[in-house]
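J.: File follows, structure.csv with CSV, C-alpha atoms and all ligand atoms:
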```csv
chain,number,residue,atom,x,y,z
A,199,MET,CA,-7.8,13.4,24.0
A,200,ILE,CA,-6.1,10.3,25.3
A,201,ASP,CA,-3.2,12.2,26.9
A,202,ASP,CA,-0.2,10.0,27.5
A,203,PRO,CA,2.5,12.0,29.2
A,204,ASP,CA,4.9,9.1,29.0
A,205,TRP,CA,4.6,9.0,25.2
A,206,LEU,CA,5.1,12.7,25.0
A,207,ASP,CA,8.1,12.6,27.4
A,208,VAL,CA,9.8,9.9,25.3
A,209,LEU,CA,9.0,11.9,22.2
A,210,ALA,CA,10.8,15.0,23.7
A,211,GLY,CA,13.8,12.8,24.5
A,212,GLU,CA,13.9,11.4,21.0
A,213,LEU,CA,13.7,14.9,19.5
A,214,ARG,CA,16.6,16.1,21.7
A,215,LEU,CA,18.6,13.0,20.8
A,216,ARG,CA,18.3,14.0,17.2
A,217,GLY,CA,19.7,17.5,18.0
A,218,LEU,CA,16.5,19.6,17.7
A,219,PRO,CA,16.8,22.9,19.4
A,220,GLU,CA,14.7,23.4,22.5
A,221,ASP,CA,12.3,25.9,20.9
A,222,GLN,CA,11.5,23.3,18.2
A,223,VAL,CA,11.0,20.5,20.7
A,224,THR,CA,8.5,22.7,22.6
A,225,ARG,CA,6.7,23.6,19.3
A,226,VAL,CA,6.5,20.0,18.1
A,227,LEU,CA,5.2,18.9,21.5
A,228,GLY,CA,2.6,21.6,21.6
A,229,GLU,CA,1.4,20.8,18.1
A,230,THR,CA,1.3,17.1,18.8
A,231,ARG,CA,-0.6,17.5,22.0
A,232,ALA,CA,-3.1,19.8,20.3
A,233,HIS,CA,-3.6,17.2,17.5
A,234,LEU,CA,-4.2,14.4,20.0
A,235,TRP,CA,-6.6,16.6,21.9
A,236,ASP,CA,-8.6,17.3,18.8
A,237,ALA,CA,-8.6,13.8,17.5
A,238,GLY,CA,-9.1,12.1,20.9
A,239,GLU,CA,-6.7,9.4,19.8
A,240,ASP,CA,-4.1,7.3,21.6
A,241,PRO,CA,-0.7,8.7,20.6
A,242,ALA,CA,0.7,5.3,19.7
A,243,ARG,CA,-2.2,4.7,17.3
A,244,ALA,CA,-2.0,8.2,15.8
A,245,PHE,CA,1.7,8.5,15.4
A,246,GLY,CA,3.3,5.1,16.1
A,247,THR,CA,6.3,4.9,18.4
A,248,PRO,CA,7.9,8.1,19.7
A,249,SER,CA,11.1,7.1,18.0
A,250,ALA,CA,9.5,6.6,14.6
A,251,TYR,CA,7.5,9.9,14.9
A,252,ALA,CA,10.6,11.8,16.0
A,253,ALA,CA,12.6,10.5,13.0
A,254,ALA,CA,9.8,11.6,10.7
A,255,VAL,CA,9.6,15.1,12.3
A,256,HIS,CA,13.4,15.4,12.2
A,257,GLU,CA,13.5,14.5,8.5
A,258,SER,CA,10.6,16.9,7.7
A,259,LEU,CA,12.4,19.7,9.5
A,260,GLY,CA,15.7,19.0,7.7
A,261,THR,CA,17.7,19.3,10.9
A,262,PRO,CA,21.4,18.4,10.5
A,263,PRO,CA,21.9,15.0,12.0
A,264,ILE,CA,25.2,15.8,13.8
A,265,PRO,CA,25.7,18.8,16.0
A,266,ALA,CA,28.4,21.0,14.6
A,267,ARG,CA,30.2,21.1,17.9
A,268,ARG,CA,31.1,17.5,17.7
A,269,LYS,CA,32.2,17.6,14.1
A,270,VAL,CA,34.7,20.3,14.8
A,271,VAL,CA,36.3,18.3,17.6
A,272,ARG,CA,36.6,15.2,15.3
A,273,ALA,CA,38.8,17.1,12.8
A,274,GLU,CA,41.1,18.5,15.5
A,275,ALA,CA,42.0,15.9,18.1
A,276,PRO,CA,41.2,12.4,19.3
A,277,ARG,CA,38.6,12.1,22.0
A,278,LEU,CA,40.6,9.3,23.7
A,279,GLN,CA,44.3,8.7,23.3
A,280,ALA,CA,46.0,6.0,25.4
A,281,THR,CA,49.7,5.6,24.7
A,282,GLY,CA,52.2,3.0,25.9
A,283,ILE,CA,49.9,1.7,28.7
A,284,GLY,CA,51.5,-0.8,31.0
A,285,LYS,CA,50.1,-2.6,34.0
A,286,ARG,CA,51.6,-5.1,36.5
A,287,HIS,CA,50.1,-7.1,39.3
A,288,GLY,CA,53.2,-7.9,41.4
A,289,ARG,CA,55.6,-9.6,39.1
A,290,HIS,CA,53.0,-10.4,36.5
A,291,ARG,CA,53.0,-8.1,33.6
A,292,LEU,CA,49.4,-7.8,32.5
A,293,LEU,CA,49.5,-5.0,29.9
A,294,HIS,CA,52.5,-3.8,28.0
A,295,ASP,CA,52.8,-0.9,25.7
A,296,VAL,CA,49.2,-0.8,24.6
A,297,ASP,CA,48.1,2.1,22.4
A,298,LEU,CA,44.6,3.2,21.4
A,299,THR,CA,43.3,6.3,19.7
A,300,VAL,CA,39.6,7.0,19.2
A,301,HIS,CA,38.2,10.0,17.4
A,302,ALA,CA,34.7,11.4,17.6
A,303,GLY,CA,32.6,9.3,15.3
A,304,GLU,CA,34.7,6.1,15.8
A,305,VAL,CA,34.1,2.8,17.5
A,306,ALA,CA,37.0,0.7,19.0
A,307,ALA,CA,36.6,-2.9,20.1
A,308,ILE,CA,38.9,-4.4,22.7
A,309,VAL,CA,39.0,-8.2,22.4
A,310,GLY,CA,41.1,-11.1,23.7
A,311,ALA,CA,41.3,-14.1,25.9
A,312,ASN,CA,39.9,-14.3,29.4
A,313,GLY,CA,42.1,-12.5,31.9
A,314,CYS,CA,44.3,-10.8,29.3
A,315,GLY,CA,43.4,-7.4,30.8
A,316,LYS,CA,40.6,-6.0,28.7
A,317,SER,CA,38.6,-4.7,31.7
A,318,THR,CA,41.7,-3.4,33.4
A,319,PHE,CA,42.6,-1.5,30.2
A,320,LEU,CA,39.1,0.1,30.1
A,321,ARG,CA,39.3,1.0,33.8
A,322,ILE,CA,42.6,2.8,33.1
A,323,CYS,CA,41.0,4.6,30.2
A,324,ALA,CA,38.1,5.6,32.5
A,325,GLY,CA,40.5,6.9,35.1
A,326,VAL,CA,39.4,4.6,37.9
A,327,GLU,CA,42.6,2.5,37.9
A,328,ARG,CA,46.2,3.7,37.6
A,329,ALA,CA,48.6,2.3,34.9
A,330,HIS,CA,52.2,1.6,35.8
A,331,ALA,CA,53.3,3.1,32.5
A,332,GLY,CA,51.9,5.3,29.7
A,333,ARG,CA,49.4,8.1,29.5
A,334,VAL,CA,45.7,8.5,28.8
A,335,VAL,CA,44.3,11.8,27.4
A,336,VAL,CA,40.5,12.2,27.2
A,337,ARG,CA,39.0,15.2,25.6
A,338,GLY,CA,35.4,15.7,26.8
A,339,SER,CA,33.1,13.9,29.2
A,340,ILE,CA,33.1,10.2,29.9
A,341,GLY,CA,30.4,7.7,30.4
A,342,TYR,CA,31.8,4.4,31.8
A,343,CYS,CA,29.8,1.2,32.0
A,344,PRO,CA,31.6,-1.4,34.2
A,345,GLN,CA,30.5,-5.0,34.3
A,346,GLY,CA,27.6,-4.6,36.7
A,347,GLY,CA,27.3,-2.6,39.9
A,348,GLY,CA,26.2,0.7,38.5
A,349,THR,CA,22.5,0.5,39.6
A,350,SER,CA,20.7,0.6,43.0
A,351,ASP,CA,18.5,-2.3,44.0
A,352,PHE,CA,15.9,0.1,45.5
A,353,LEU,CA,15.4,2.7,42.8
A,354,THR,CA,13.0,2.4,39.8
A,355,PRO,CA,14.3,3.0,36.3
A,356,ASP,CA,12.8,6.5,36.2
A,357,GLU,CA,14.4,7.3,39.6
A,358,HIS,CA,17.8,6.1,38.2
A,359,PHE,CA,17.3,8.4,35.1
A,360,VAL,CA,16.5,11.4,37.3
A,361,LEU,CA,19.3,10.8,39.7
A,362,VAL,CA,22.0,10.2,37.1
A,363,GLY,CA,20.6,12.9,34.9
A,364,ALA,CA,20.8,15.4,37.7
A,365,GLY,CA,24.5,14.6,38.1
A,366,ARG,CA,24.9,15.5,34.4
A,367,GLY,CA,23.1,18.8,34.6
A,368,LEU,CA,19.7,17.6,33.3
A,369,GLY,CA,16.4,18.5,34.9
A,370,ARG,CA,13.8,15.9,36.0
A,371,ASP,CA,11.6,15.8,32.9
A,372,ARG,CA,14.5,15.9,30.5
A,373,SER,CA,16.3,13.0,32.3
A,374,ARG,CA,13.2,10.9,32.4
A,375,GLY,CA,12.5,11.6,28.7
A,376,ALA,CA,16.0,10.9,27.6
A,377,GLY,CA,16.2,7.7,29.7
A,378,ARG,CA,13.0,6.4,28.2
A,379,ALA,CA,14.0,7.3,24.7
A,380,LEU,CA,17.3,5.4,25.2
A,381,ALA,CA,15.3,2.5,26.6
A,382,GLU,CA,13.2,2.3,23.5
A,383,HIS,CA,16.3,2.1,21.4
A,384,LEU,CA,17.4,-1.0,23.4
A,385,TRP,CA,14.1,-2.8,22.9
A,386,TRP,CA,12.7,-1.8,26.3
A,387,PRO,CA,9.8,0.3,25.4
A,388,ARG,CA,8.2,1.0,28.7
A,389,PRO,CA,10.4,0.7,31.8
A,390,ALA,CA,8.0,-0.5,34.6
A,391,PRO,CA,7.9,1.5,37.8
A,392,ILE,CA,9.5,-1.3,39.9
A,393,ALA,CA,12.7,-1.4,41.9
A,394,ALA,CA,15.8,-2.4,39.9
A,395,ALA,CA,16.2,-5.5,42.1
A,396,ARG,CA,13.1,-6.9,40.5
A,397,LEU,CA,14.2,-6.4,36.9
A,398,SER,CA,15.5,-9.3,34.9
A,399,GLY,CA,19.2,-9.6,34.5
A,400,GLY,CA,19.2,-8.5,30.8
A,401,THR,CA,16.8,-5.6,31.5
A,402,ARG,CA,18.9,-4.4,34.5
A,403,GLN,CA,22.0,-4.5,32.2
A,404,LYS,CA,20.0,-2.2,29.7
A,405,LEU,CA,19.5,0.2,32.6
A,406,GLU,CA,23.3,0.3,33.1
A,407,VAL,CA,23.9,1.1,29.4
A,408,ILE,CA,21.2,3.8,29.5
A,409,LEU,CA,22.7,5.5,32.6
A,410,THR,CA,26.1,5.4,30.9
A,411,ALA,CA,24.7,7.2,27.8
A,412,LEU,CA,22.4,9.6,29.6
A,413,GLY,CA,23.4,13.3,29.1
A,414,ASP,CA,25.4,12.5,25.9
A,415,PRO,CA,28.9,12.0,27.2
A,416,ASP,CA,31.6,12.5,24.5
A,417,VAL,CA,33.4,9.2,25.2
A,418,LEU,CA,31.5,6.0,26.0
A,419,LEU,CA,33.5,3.1,27.6
A,420,LEU,CA,31.4,0.0,27.7
A,421,ASP,CA,32.6,-3.3,29.3
A,422,GLU,CA,30.7,-6.2,27.8
A,423,PRO,CA,27.6,-4.1,28.1
A,424,TYR,CA,25.1,-6.5,26.4
A,425,GLN,CA,25.3,-9.4,28.9
A,426,GLY,CA,21.9,-11.0,29.3
A,427,PHE,CA,20.5,-9.2,26.2
A,428,ASP,CA,18.2,-11.3,24.0
A,429,ARG,CA,19.1,-11.5,20.4
A,430,ASP,CA,17.0,-8.6,19.2
A,431,SER,CA,18.3,-6.4,22.0
A,432,TYR,CA,21.8,-7.4,21.1
A,433,MET,CA,21.3,-6.4,17.5
A,434,TYR,CA,19.7,-3.1,18.6
A,435,PHE,CA,22.6,-2.4,20.9
A,436,TRP,CA,25.1,-2.6,18.1
A,437,ASP,CA,22.9,-0.4,15.9
A,438,ARG,CA,22.7,2.1,18.7
A,439,VAL,CA,26.5,2.0,19.1
A,440,ARG,CA,26.9,2.9,15.4
A,441,GLU,CA,24.3,5.7,15.7
A,442,TRP,CA,26.0,7.1,18.8
A,443,ALA,CA,29.3,7.2,16.8
A,444,ASN,CA,27.5,8.8,13.9
A,445,GLU,CA,26.2,11.5,16.3
A,446,GLY,CA,29.8,12.3,17.1
A,447,ARG,CA,30.7,10.1,20.1
A,448,ALA,CA,33.9,8.1,20.6
A,449,ILE,CA,33.1,4.6,21.8
A,450,VAL,CA,35.2,1.8,23.2
A,451,VAL,CA,33.5,-1.6,23.7
A,452,VAL,CA,35.1,-4.6,25.5
A,453,THR,CA,33.7,-7.6,23.8
A,454,HIS,CA,34.0,-11.4,23.7
A,455,LEU,CA,31.6,-11.8,20.8
A,456,LEU,CA,33.3,-11.4,17.5
A,457,ASP,CA,30.3,-11.3,15.2
A,458,ARG,CA,29.8,-7.6,15.2
A,459,LEU,CA,33.4,-6.5,14.7
A,460,GLU,CA,32.7,-5.1,11.3
A,461,ARG,CA,30.9,-2.3,13.2
A,462,ALA,CA,34.2,-1.3,14.8
A,463,ASP,CA,36.7,1.1,13.2
A,464,THR,CA,39.6,-0.3,15.3
A,465,VAL,CA,40.1,-3.7,16.9
A,466,VAL,CA,42.7,-4.1,19.6
A,467,ASP,CA,43.5,-7.7,20.6
A,468,LEU,CA,45.1,-8.0,24.0
A,469,THR,CA,45.7,-11.7,23.8
A,470,PRO,CA,49.4,-12.4,24.4
A,471,SER,CA,51.2,-13.4,21.3
A,472,PRO,CA,52.9,-16.8,21.5
A,473,HIS,CA,55.9,-15.3,19.7
A,474,ALA,CA,56.2,-12.2,21.9
A,475,ALA,CA,58.5,-11.9,24.8
A,476,PRO,CA,56.8,-13.1,28.1
A,477,GLY,CA,54.1,-10.7,29.1
A,478,VAL,CA,54.2,-8.6,25.9
A,479,ARG,CA,50.7,-7.7,24.8
A,480,GLY,CA,48.9,-5.1,22.8
A,481,ARG,CA,48.3,-6.0,19.1
A,482,HIS,CA,46.3,-3.9,16.8
A,483,HIS,CA,44.2,-5.0,13.9
A,484,PRO,CA,42.9,-2.7,11.2
A,485,LYS,CA,39.2,-2.5,10.6
A,486,GLY,CA,37.5,-5.8,9.6
A,487,THR,CA,40.2,-8.2,10.5
A,488,GLN,CA,39.4,-11.0,12.9
A,489,PRO,CA,41.5,-11.5,16.0
A,490,ARG,CA,42.6,-15.0,16.8
A,501,LIG,N1,44.4,-6.4,42.2
A,501,LIG,C1,44.8,-7.5,41.5
A,501,LIG,N2,45.9,-8.2,41.9
A,501,LIG,C2,46.3,-9.3,41.2
A,501,LIG,N3,45.7,-9.7,40.0
A,501,LIG,C3,44.7,-8.9,39.6
A,501,LIG,C4,44.2,-7.8,40.3
A,501,LIG,N4,43.1,-7.3,39.6
A,501,LIG,C5,43.0,-8.1,38.5
A,501,LIG,N5,43.9,-9.0,38.5
A,501,LIG,C6,44.1,-10.1,37.4
A,501,LIG,O1,44.4,-9.4,36.2
A,501,LIG,C7,43.9,-10.2,35.1
A,501,LIG,C8,43.1,-9.4,34.1
A,501,LIG,O2,41.8,-9.1,34.6
A,501,LIG,P1,40.8,-8.4,33.6
A,501,LIG,O3,39.5,-8.4,34.4
A,501,LIG,O4,41.3,-7.0,33.2
A,501,LIG,O5,40.8,-9.3,32.4
A,501,LIG,P2,39.7,-9.5,31.2
A,501,LIG,O6,40.5,-9.6,30.0
A,501,LIG,O7,38.8,-8.4,31.2
A,501,LIG,O8,39.0,-10.8,31.6
A,501,LIG,P3,37.6,-11.5,31.1
A,501,LIG,O9,37.7,-11.7,29.7
A,501,LIG,O10,37.6,-12.7,31.9
A,501,LIG,O11,36.5,-10.5,31.5
A,501,LIG,C9,43.1,-11.3,35.8
A,501,LIG,O12,43.8,-12.5,35.7
A,501,LIG,C10,42.9,-10.9,37.2
A,501,LIG,O13,42.8,-11.9,38.1
```
In structure tokens, what does this structure look like?
Ligand SMILES: Nc1ncnc2c1ncn2[C@@H]1O[C@H](COP(=O)(O)OP(=O)(O)OP(=O)(O)O)[C@@H](O)[C@H]1O
T.:
Amino acid sequence: MIDDPDWLDVLAGELRLRGLPEDQVTRVLGETRAHLWDAGEDPARAFGTPSAYAAAVHESLGTPPIPARRKVVRAEAPRLQATGIGKRHGRHRLLHDVDLTVHAGEVAAIVGANGCGKSTFLRICAGVERAHAGRVVVRGSIGYCPQGGGTSDFLTPDEHFVLVGAGRGLGRDRSRGAGRALAEHLWWPRPAPIAAARLSGGTRQKLEVILTALGDPDVLLLDEPYQGFDRDSYMYFWDRVREWANEGRAIVVVTHLLDRLERADTVVDLTPSPHAAPGVRGRHHPKGTQPR
């Protein structure tokens, strides 16, 4: 057998991402390992990518795609509700009366001109900055991806997965498997065992996104998370956002790029209106409309 523990780790992560119970994950891994042993084959040659094989297994087992726990919450209450948010810097009124409601299964995009307060609004939603007015209610756990700064120069990708996974209650193998499975979804199939300082800018940014999503937080807050991604990775990223939502997460993305806004259920444009009173911001657009 050409035993590839990395491939099997990623497969385990992929199966868990699809909601397979732990006993089924163990059974599938055992059977797969036995097959590889008998056939003496390389796993990628025998089964393709872990992601594709997990999808096939998932389909053949007929496992429901969305855990029931998340569905129930969607019907009951929004995951994130920001009401009447206001923020000042001295005499400058940055945010005024901004509302945002995001349920499980929904994607919200925050757009607007440079400096209009998008990152500030997201930080307020994440609870790392205080608003001067309004209220934020979050139901569930939060994964927050700021614009950079969430990784350590000296740790490898796997070490990041294990460290952050531990903080979210995941064991070592599970963290590594989940991290690598998420990496594959972002077009980063084999995170190299090198320190993060030596990763390319786009790859390091992928690491930030993966760490945010590790452990399946209920609410994902992503501040221009695709910076430095190549075109394919950018497309994969938006596919992944939609899949995360379909799996029951509530997602808020701060974005400058308007080409994927059809993926969002809600678009909030924080650009100040020329007709509004000075400092008045917070305009909402229904799904599919383009902000100015
Ligand atoms: N502590 C502070 N004191 C004064 N002004 C501040 C402070 N923090 C942020 N600002 C200002 O608030 C404004 C909004 O910043 P923010 O980063 O939220 O905007 P943004 O819409 O995300 O910008 P960009 O599109 O450029 O990323 C900026 O003009 C910034 O300089």
J.: Atom CA of Ile449 of chain A and atom CA of Gln222 of chain A, how far apart in Å?
T.: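 It comes out at 28.8 Å.
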J.: Kindly give the distance, in Å, that separates atom CA of Cys323 of chain A and atom CA of Gly363 of chain A, rounded to a single decimal.
T.: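 Interatomic distance here is 22.5 Å.
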J.: Suppose you want the space between atom CA of Met433 of chain A and atom CA of Leu459 of chain A; what is it in Å?
T.: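 For atom CA of Met433 of chain A relative to atom CA of Leu459 of chain A, the distance reads 12.4 Å.
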J.: Could you pull out the residues sitting within 8 Å of ligand LIG 501 (chain A), using all atoms listed in the file, and write them as a compact mmCIF listing (two decimals) with C-alpha atoms, in the frame of the given file?
T.:
```txt
# COMPACT_ATOMS: atom_id res chain seq x y z
CA HIS A 287 50.10 -7.10 39.30
CA GLY A 288 53.20 -7.90 41.40
CA LEU A 292 49.40 -7.80 32.50
CA VAL A 309 39.00 -8.20 22.40
CA GLY A 310 41.10 -11.10 23.70
CA ALA A 311 41.30 -14.10 25.90
CA ASN A 312 39.90 -14.30 29.40
CA GLY A 313 42.10 -12.50 31.90
CA CYS A 314 44.30 -10.80 29.30
CA GLY A 315 43.40 -7.40 30.80
CA LYS A 316 40.60 -6.00 28.70
CA SER A 317 38.60 -4.70 31.70
CA THR A 318 41.70 -3.40 33.40
CA PHE A 319 42.60 -1.50 30.20
CA VAL A 452 35.10 -4.60 25.50
CA HIS A 454 34.00 -11.40 23.70
CA LEU A 468 45.10 -8.00 24.00
```
J.: Excluding segment 424-427 of chain A and residues on its chain fewer than 4 positions from it, collect all residues at most 6 Å away from it, counting all atoms listed in the file, and give them as a list in words.
T.: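 Answer for this query is Gly400, Ser431 and Tyr432 of chain A.
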J.: Ranking A:Asp421, A:Glu304, A:Asp437, A:Asp202 by minimum distance to His383 of chain A and counting all atoms listed in the file, which one comes first?
T.: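 Going through A:Asp421, A:Glu304, A:Asp437, A:Asp202 one by one, the smallest distance to His383 of chain A is for A:Asp437.
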